[in-house]
file input.txt (compact mmCIF, C-alpha atoms)
# COMPACT_ATOMS: atom_id res chain seq x y z
CA MET B 1 110.97 134.06 106.58
CA LYS B 2 112.58 137.31 105.37
CA GLY B 3 115.46 135.38 103.81
CA LYS B 4 113.03 133.06 102.02
CA ALA B 5 111.08 136.06 100.67
CA LEU B 6 114.33 137.53 99.35
CA TYR B 7 115.13 134.33 97.44
CA LEU B 8 111.62 134.35 95.95
CA ILE B 9 111.98 137.97 94.85
CA ILE B 10 115.36 137.30 93.20
CA GLY B 11 113.91 134.24 91.47
CA ALA B 12 110.94 136.32 90.27
CA LEU B 13 113.35 138.91 88.80
CA GLY B 14 114.85 136.17 86.65
CA MET B 15 111.38 135.30 85.32
CA VAL B 16 110.69 138.99 84.63
CA ALA B 17 113.97 139.27 82.70
CA LEU B 18 113.01 136.21 80.64
CA ILE B 19 109.54 137.58 79.79
CA VAL B 20 110.84 141.08 78.89
CA CYS B 21 113.64 139.72 76.69
CA PHE B 22 111.28 137.24 75.01
CA VAL B 23 108.63 139.89 74.22
CA ILE B 24 111.10 142.51 72.92
CA GLY B 25 113.11 139.91 71.03
CA ALA B 26 109.95 138.52 69.36
CA LEU B 27 108.65 142.00 68.41
CA TYR B 28 111.92 143.21 66.89
CA ARG B 29 113.12 139.79 65.69
CA MET B 30 116.15 139.87 67.95
CA ASP B 31 116.80 136.19 68.50
CA TRP B 32 119.94 136.86 70.51
CA LEU B 33 117.87 138.80 73.07
CA ILE B 34 115.54 135.81 73.54
CA PHE B 35 118.52 133.51 74.19
CA LEU B 36 119.96 136.14 76.54
CA GLY B 37 116.70 136.15 78.52
CA PHE B 38 116.82 132.36 78.88
CA GLY B 39 120.45 132.59 79.98
CA ILE B 40 119.68 135.25 82.60
CA CYS B 41 116.76 133.22 83.95
CA VAL B 42 118.77 129.97 84.20
CA ALA B 43 121.73 131.77 85.83
CA ASP B 44 119.37 133.48 88.28
CA PHE B 45 117.70 130.20 89.29
CA LEU B 46 121.08 128.48 89.69
CA ALA B 47 122.42 131.32 91.87
CA VAL B 48 119.30 131.27 94.06
CA GLY B 49 119.41 127.47 94.38
CA ILE B 50 123.10 127.40 95.30
CA ALA B 51 122.78 130.27 97.80
CA TYR B 52 119.73 128.70 99.42
CA GLY B 53 121.41 125.28 99.54
CA VAL B 54 124.56 126.68 101.19
CA LYS B 55 122.45 128.55 103.76
CA PHE B 56 120.38 125.43 104.51
CA ILE B 57 123.47 123.21 104.92
CA ARG B 58 125.18 125.74 107.21
CA GLU B 59 122.14 125.94 109.49
CA LEU B 60 121.78 122.14 109.39
CA ASN B 61 125.45 121.60 110.30
CA ALA B 62 125.08 123.96 113.27
CA ASP B 63 122.02 122.06 114.54
CA LEU B 64 123.67 118.65 114.00
CA LYS B 65 126.85 119.67 115.81
CA LYS B 66 124.83 120.96 118.74
CA ASN B 67 122.83 117.72 119.02
CA ALA B 68 125.92 115.50 118.64
CA GLN B 69 127.56 116.94 121.75
CA GLN B 70 125.29 115.01 124.10
CA GLU B 71 123.81 111.52 124.21
CA ARG B 72 120.16 111.46 123.23
CA THR B 73 117.76 110.68 126.05
CA PRO B 74 114.29 109.10 125.64
CA GLU B 75 112.78 112.54 126.43
CA GLU B 76 114.82 114.19 123.66
CA GLU B 77 113.82 111.36 121.32
CA ALA B 78 110.15 112.15 121.94
CA GLU B 79 110.78 115.88 121.43
CA LEU B 80 112.51 115.30 118.08
CA LEU B 81 109.66 113.07 116.89
CA GLU B 82 107.15 115.74 117.91
CA LYS B 83 109.25 118.32 116.07
CA ILE B 84 108.95 116.25 112.87
CA ASN B 85 105.20 115.73 113.28
CA SER B 86 104.53 119.42 114.02
CA ALA B 87 106.60 120.79 111.12
CA LYS B 88 104.56 123.13 108.92
CA THR B 89 106.97 123.62 106.01
CA ARG B 90 109.16 121.28 103.97
CA GLU B 91 112.29 123.03 105.23
CA GLU B 92 111.33 122.57 108.89
CA SER B 93 110.50 118.92 108.23
CA LEU B 94 113.83 118.25 106.48
CA LYS B 95 115.84 119.80 109.33
CA ALA B 96 113.84 117.93 111.98
CA ARG B 97 114.27 114.60 110.18
CA ALA B 98 117.99 115.23 109.69
CA GLU B 99 118.42 115.89 113.42
CA TYR B 100 116.41 112.79 114.31
CA TYR B 101 117.97 110.32 111.88
CA GLY B 102 121.49 111.76 112.16
CA GLU B 103 122.47 109.26 114.89
CA GLY B 104 125.24 111.50 116.26
CA ALA B 105 126.17 113.05 112.88
CA GLU B 106 128.08 116.32 113.25
CA ASN B 107 127.63 117.58 109.67
CA ALA B 108 125.87 116.87 106.38
CA GLY B 109 128.66 114.47 105.32
CA ASP B 110 128.14 112.32 108.42
CA LEU B 111 124.39 112.48 107.78
CA ILE B 112 124.84 111.00 104.29
CA SER B 113 126.97 108.14 105.64
CA SER B 114 124.32 107.52 108.36
CA ALA B 115 121.71 107.10 105.62
CA PHE B 116 123.73 104.11 104.34
CA GLY B 117 124.00 102.55 107.78
CA PHE B 118 127.38 104.02 108.71
CA SER B 119 126.33 106.12 111.70
CA LYS B 120 128.90 107.31 114.24
CA GLU B 121 127.73 104.79 116.83
CA GLY B 122 127.42 102.07 114.20
CA LYS B 123 131.02 102.56 113.02
CA GLU B 124 132.31 102.38 116.59
CA ALA B 125 130.32 99.20 117.20
CA PHE B 126 131.68 97.69 113.96
CA LYS B 127 135.28 98.35 115.03
CA LYS B 128 134.75 96.62 118.40
CA ALA B 129 132.71 93.70 117.01
CA PRO B 130 134.29 90.22 116.65
CA ALA B 131 135.27 88.97 113.19
CA SER B 132 132.14 86.81 112.88
CA GLU B 133 129.88 89.83 113.44
CA LYS B 134 131.90 92.04 111.07
CA ALA B 135 131.59 89.46 108.31
CA LYS B 136 127.77 89.77 108.11
CA PRO B 137 127.46 93.42 106.93
CA VAL B 138 130.58 93.05 104.74
CA LEU B 139 129.08 90.04 102.94
CA ILE B 140 125.77 91.88 102.46
CA PHE B 141 127.44 94.92 100.88
CA VAL B 142 129.68 92.70 98.71
CA TRP B 143 126.62 90.75 97.53
CA LEU B 144 124.69 93.93 96.66
CA GLY B 145 127.76 95.37 94.92
CA LEU B 146 128.17 92.22 92.81
CA MET B 147 124.51 92.31 91.80
CA LEU B 148 124.83 95.96 90.71
CA LEU B 149 127.96 95.14 88.71
CA THR B 150 126.14 92.20 87.09
CA PHE B 151 123.24 94.52 86.20
CA MET B 152 125.62 97.08 84.65
CA ALA B 153 127.46 94.33 82.75
CA GLY B 154 124.11 93.24 81.29
CA ILE B 155 123.41 96.82 80.16
CA LEU B 156 126.82 97.03 78.45
CA LEU B 157 126.31 93.70 76.69
CA SER B 158 122.83 94.77 75.55
CA SER B 159 124.25 98.06 74.22
CA ALA B 160 126.86 96.07 72.31
CA ARG B 161 123.97 94.07 70.77
CA ILE B 162 125.06 90.84 72.48
CA GLN B 163 121.53 89.55 72.94
CA PRO B 164 119.74 87.80 74.57
CA THR B 165 122.74 87.21 76.88
CA GLY B 166 122.83 90.90 77.87
CA PHE B 167 119.15 90.96 78.82
CA ILE B 168 119.47 87.73 80.83
CA ILE B 169 122.48 89.00 82.81
CA MET B 170 120.78 92.36 83.34
CA GLY B 171 117.65 90.63 84.62
CA VAL B 172 119.58 88.34 86.96
CA GLY B 173 121.62 91.21 88.48
CA GLY B 174 118.74 93.66 88.83
CA GLY B 175 116.27 91.00 89.95
CA LEU B 176 118.49 89.57 92.69
CA PHE B 177 119.39 93.08 93.90
CA PHE B 178 115.74 94.07 94.35
CA LEU B 179 114.79 90.67 95.76
CA THR B 180 117.49 91.10 98.41
CA ILE B 181 116.16 94.55 99.36
CA ILE B 182 112.59 93.21 99.45
CA GLY B 183 113.79 90.31 101.60
CA PHE B 184 115.22 92.71 104.18
CA LEU B 185 111.95 94.67 104.20
CA ILE B 186 109.88 91.51 104.66
CA TYR B 187 112.18 90.38 107.51
CA SER B 188 111.69 93.76 109.22
CA LEU B 189 107.90 93.54 108.80
CA VAL B 190 107.85 90.00 110.22
CA GLU B 191 109.85 91.14 113.27
CA ARG B 192 107.45 94.05 113.71
CA ARG B 193 104.41 91.73 113.52
CA ASN B 194 105.99 89.26 115.93
CA TYR B 195 106.65 92.02 118.44
CA TYR B 196 103.01 93.14 118.50
CA SER B 197 101.57 89.62 118.43
CA ALA B 198 101.14 87.79 121.73
CA PRO B 199 103.46 84.78 122.21
CA LYS B 200 101.66 81.48 121.59
CA SER B 201 101.81 78.62 124.11
CA SER B 202 101.80 74.97 123.13
CA LYS B 203 99.12 72.59 124.50
CA TYR B 204 101.37 69.56 124.45
CA ARG B 205 104.82 70.75 125.39
CA LYS B 206 105.72 73.92 127.19
CA PRO B 207 109.10 75.21 126.04
CA LYS B 208 111.59 76.18 128.69
CA LYS B 209 111.44 79.91 129.31
CA VAL B 210 114.01 81.77 131.39
CA VAL B 211 114.39 85.42 132.33
CA ARG B 212 117.76 86.93 131.54
CA ARG B 213 119.32 90.33 132.16
CA GLY B 214 121.87 92.41 130.37
CA VAL B 215 123.23 95.87 129.62
CA VAL B 216 122.31 97.91 126.53
CA LYS B 217 125.30 98.65 124.34
CA ARG B 218 123.54 100.22 121.36
CA CYS B 219 120.05 101.42 120.36
CA GLU B 220 118.75 102.29 116.88
CA VAL B 221 115.43 102.79 115.10
CA HIS B 222 114.03 99.50 113.80
CA SER B 223 110.91 100.57 111.88
CA GLN B 224 108.22 103.26 111.77
CA HIS B 225 104.93 104.21 110.16
CA VAL B 226 105.44 107.25 107.91
CA ILE B 227 102.47 109.08 106.36
CA GLY B 228 102.82 111.96 103.91
CA ARG B 229 105.59 113.24 101.66
CA ARG B 230 106.10 116.99 101.99
CA THR B 231 105.82 117.06 105.79
CA PRO B 232 105.62 113.37 106.79
CA LYS B 233 104.14 112.30 110.12
CA ILE B 234 105.78 109.46 112.07
CA SER B 235 104.07 107.01 114.42
CA GLY B 236 104.50 103.48 115.78
CA THR B 237 108.28 103.69 116.22
CA LEU B 238 110.04 100.47 117.20
CA TYR B 239 113.69 100.28 118.23
CA GLN B 240 116.33 97.56 118.16
CA ILE B 241 118.88 97.20 120.95
CA TRP B 242 122.04 95.14 121.32
CA VAL B 243 122.39 93.75 124.84
CA TRP B 244 125.56 92.48 126.52
CA THR B 245 124.85 89.48 128.74
CA SER B 246 128.27 87.98 129.43
CA ALA B 247 131.84 87.99 128.20
CA THR B 248 131.42 84.55 126.62
CA GLU B 249 128.32 85.32 124.50
CA PRO B 250 127.76 87.60 121.51
CA LEU B 251 125.50 90.62 121.87
CA VAL B 252 121.78 89.80 121.92
CA ARG B 253 119.58 91.79 119.55
CA LEU B 254 116.04 92.66 120.73
CA VAL B 255 113.13 94.69 119.35
CA CYS B 256 111.52 97.16 121.78
CA SER B 257 109.02 100.02 121.82
CA ARG B 258 111.08 102.76 123.45
CA LYS B 259 114.49 104.38 123.30
CA TYR B 260 117.05 102.91 125.69
CA MET B 261 120.18 104.64 126.93
CA LYS B 262 123.61 103.08 126.65
CA ASN B 263 124.53 100.97 129.73
CA GLU B 264 120.87 100.82 130.81
CA ARG B 265 119.91 97.47 132.36
CA VAL B 266 117.13 95.44 130.73
CA SER B 267 115.43 92.07 131.22
CA PHE B 268 114.18 89.70 128.54
CA THR B 269 112.70 86.22 128.28
CA GLU B 270 114.50 83.51 126.35
CA THR B 271 112.63 80.45 125.08
CA ARG B 272 114.66 77.55 123.71
CA GLY B 273 113.01 75.18 121.28
CA ILE B 274 113.61 74.51 117.61
CA ARG B 275 114.96 78.04 117.55
CA VAL B 276 115.74 80.52 120.29
CA LYS B 277 113.07 83.19 120.82
CA ARG B 278 113.75 86.30 122.85
CA ARG B 279 111.33 88.98 123.98
CA ILE B 280 112.14 92.09 126.01
CA ILE B 281 110.28 92.73 129.27
CA GLU B 282 109.05 96.32 129.19
call {"tool": "encode", "arguments": {"input": "input.txt", "output": "structure tokens"}}
result
Amino acid sequence: MKGKALYLIIGALGMVALIVCFVIGALYRMDWLIFLGFGICVADFLAVGIAYGVKFIRELNADLKKNAQQERTPEEEAELLEKINSAKTREESLKARAEYYGEGAENAGDLISSAFGFSKEGKEAFKKAPASEKAKPVLIFVWLGLMLLTFMAGILLSSARIQPTGFIIMGVGGGLFFLTIIGFLIYSLVERRNYYSAPKSSKYRKPKKVVRRGVVKRCEVHSQHVIGRRTPKISGTLYQIWVWTSATEPLVRLVCSRKYMKNERVSFTETRGIRVKRRIIE
């Protein structure tokens, strides 16, 4: 709190310098003094912002490194969520969210890569995955990259007054990019709804349902309810786990309501019909 007060005082001094220089410069028609006041104020704000940012990142890196040393347990998961929901200031909330969503990140750089889906655990899983599984995320990123390039090409053509071709290309690239993102969001919402909805049984033909078991290889956040902006509150967290069942089958992905540890044993039902439906037994 003392450090924050010091930054506020230094920032206030910059405003005082601006006001004093503006008043004196206006009274005595000293334009250079007015510009000097603006320069002092801008330099002061930049210095305060940089110093505060460096301090924040150093403290964040220390917290992330400490949390990355040990595997997160379900109890620690609940504590981190409570830490986010009980945060009183924006700074506390940012640090708590960084620790929670870091997924094993040891510094701010790892945290940024985690935000794009390249968490420490995710990168290790990608390296060990078979070629067929690796192809899926690669194709998605290539597709999104092509759509962004198409959008930028449309902007360049429009700037060069090659119309309406430029506008059409820009619309196709930007439209498909956002439709893809919306498609992923809809898919996540459908999975969330299906998890909470009770499985329906057929009157005419009962599909074959079997109980299977496996070992958890990876666990990540699937979706959450987030309310608020400055200090958001999180509820209704669902997770997604990848389960190893046998050496001859690919990993099975399941949606669940709690955090599972790596190598923890789980059971799930598998119903085979037009398409395979799986539901974890919790």
call {"tool": "atom_distance", "arguments": {"input": "input.txt", "atom1": "atom CA of Ile241 of chain B", "atom2": "atom CA of Glu133 of chain B"}}
result
15.2 Å
call {"tool": "closest_residue", "arguments": {"input": "input.txt", "among": "B:Ile57, B:Val48, B:Ile168, B:Met261", "to": "Ala5 of chain B", "atoms": "only C-alpha atoms"}}
result
B:Val48
call {"tool": "closest_atom_pairs", "arguments": {"input": "input.txt", "of": "segment 61-103 of chain B", "to": "segment 222-238 of chain B", "cutoff": "9 Å", "atoms": "only C-alpha atoms", "output": "tab-separated table"}}
result
residue	atom	partner	partner_atom	distance
B:Leu81	CA	B:Ile234	CA	7.2
B:Glu82	CA	B:Ile234	CA	8.7
B:Ile84	CA	B:Lys233	CA	6.8
B:Asn85	CA	B:Lys233	CA	4.8
B:Ser86	CA	B:Lys233	CA	8.1
B:Ala87	CA	B:Thr231	CA	6.6
B:Lys88	CA	B:Thr231	CA	6.9
B:Thr89	CA	B:Thr231	CA	6.7
B:Arg90	CA	B:Arg230	CA	5.6
B:Glu91	CA	B:Thr231	CA	8.8
B:Glu92	CA	B:Thr231	CA	8.4
B:Ser93	CA	B:Thr231	CA	5.6
B:Leu94	CA	B:Thr231	CA	8.1
call {"tool": "closest_residue", "arguments": {"input": "input.txt", "among": "B:Val252, B:Ala98, B:Cys219, B:Val138", "to": "Lys65 of chain B", "atoms": "only C-alpha atoms"}}
result
B:Ala98
call {"tool": "atom_distance", "arguments": {"input": "input.txt", "atom1": "atom CA of Leu179 of chain B", "atom2": "atom CA of Phe141 of chain B"}}
result
14.3 Å
call {"tool": "residues_around", "arguments": {"input": "input.txt", "residues": "Lys95 of chain B", "least_positions_apart": "6", "cutoff": "9 Å", "atoms": "only C-alpha atoms", "output": "list in words"}}
result
Phe56, Glu59, Leu60, Asp63 and Ile84 of chain B
call {"tool": "closest_residue", "arguments": {"input": "input.txt", "among": "B:Met170, B:Leu64, B:Tyr100, B:Arg275", "to": "Glu76 of chain B", "atoms": "all atoms listed in the file"}}
result
B:Tyr100
call {"tool": "atom_distance", "arguments": {"input": "input.txt", "atom1": "atom CA of Ala51 of chain B", "atom2": "atom CA of Ala12 of chain B"}}
result
15.3 Å
call {"tool": "residues_around", "arguments": {"input": "input.txt", "residues": "Tyr260 of chain B", "least_positions_apart": "5", "cutoff": "12 Å", "atoms": "only C-alpha atoms", "output": "PyMOL selection string"}}
result
chain B and resi 71-77+215-221+238-243+254-255+265-266+280+282
call {"tool": "residues_near_point", "arguments": {"input": "input.txt", "point": "(110.8, 81.3, 130.0)", "cutoff": "7 Å", "atoms": "only C-alpha atoms", "output": "list of chain:residue names"}}
result
B:Lys208, B:Lys209, B:Val210, B:Val211, B:Thr269, B:Glu270, B:Thr271
call {"tool": "residues_around", "arguments": {"input": "input.txt", "residues": "segment 13-15 of chain B", "least_positions_apart": "4", "cutoff": "10 Å", "atoms": "only C-alpha atoms", "output": "CSV table (one decimal) with C-alpha atoms, in the coordinates of the input"}}
result
chain,number,residue,atom,x,y,z
B,7,TYR,CA,115.1,134.3,97.4
B,8,LEU,CA,111.6,134.4,96.0
B,9,ILE,CA,112.0,138.0,94.8
B,19,ILE,CA,109.5,137.6,79.8
B,20,VAL,CA,110.8,141.1,78.9
B,21,CYS,CA,113.6,139.7,76.7
B,37,GLY,CA,116.7,136.2,78.5
B,38,PHE,CA,116.8,132.4,78.9
B,39,GLY,CA,120.4,132.6,80.0
B,40,ILE,CA,119.7,135.2,82.6
B,41,CYS,CA,116.8,133.2,84.0
B,42,VAL,CA,118.8,130.0,84.2
B,43,ALA,CA,121.7,131.8,85.8
B,44,ASP,CA,119.4,133.5,88.3
B,45,PHE,CA,117.7,130.2,89.3
B,48,VAL,CA,119.3,131.3,94.1
call {"tool": "closest_residue", "arguments": {"input": "input.txt", "among": "B:Trp244, B:Phe268, B:Tyr101, B:Phe151", "to": "Thr165 of chain B", "atoms": "only C-alpha atoms"}}
result
B:Phe151
call {"tool": "closest_residue", "arguments": {"input": "input.txt", "among": "B:Trp32, B:Leu156, B:Thr150, B:Tyr196", "to": "Leu176 of chain B", "atoms": "only C-alpha atoms"}}
result
B:Thr150
call {"tool": "closest_residue", "arguments": {"input": "input.txt", "among": "B:Gly273, B:Gly166, B:Gly102, B:Gly173", "to": "Trp143 of chain B", "atoms": "only C-alpha atoms"}}
result
B:Gly173
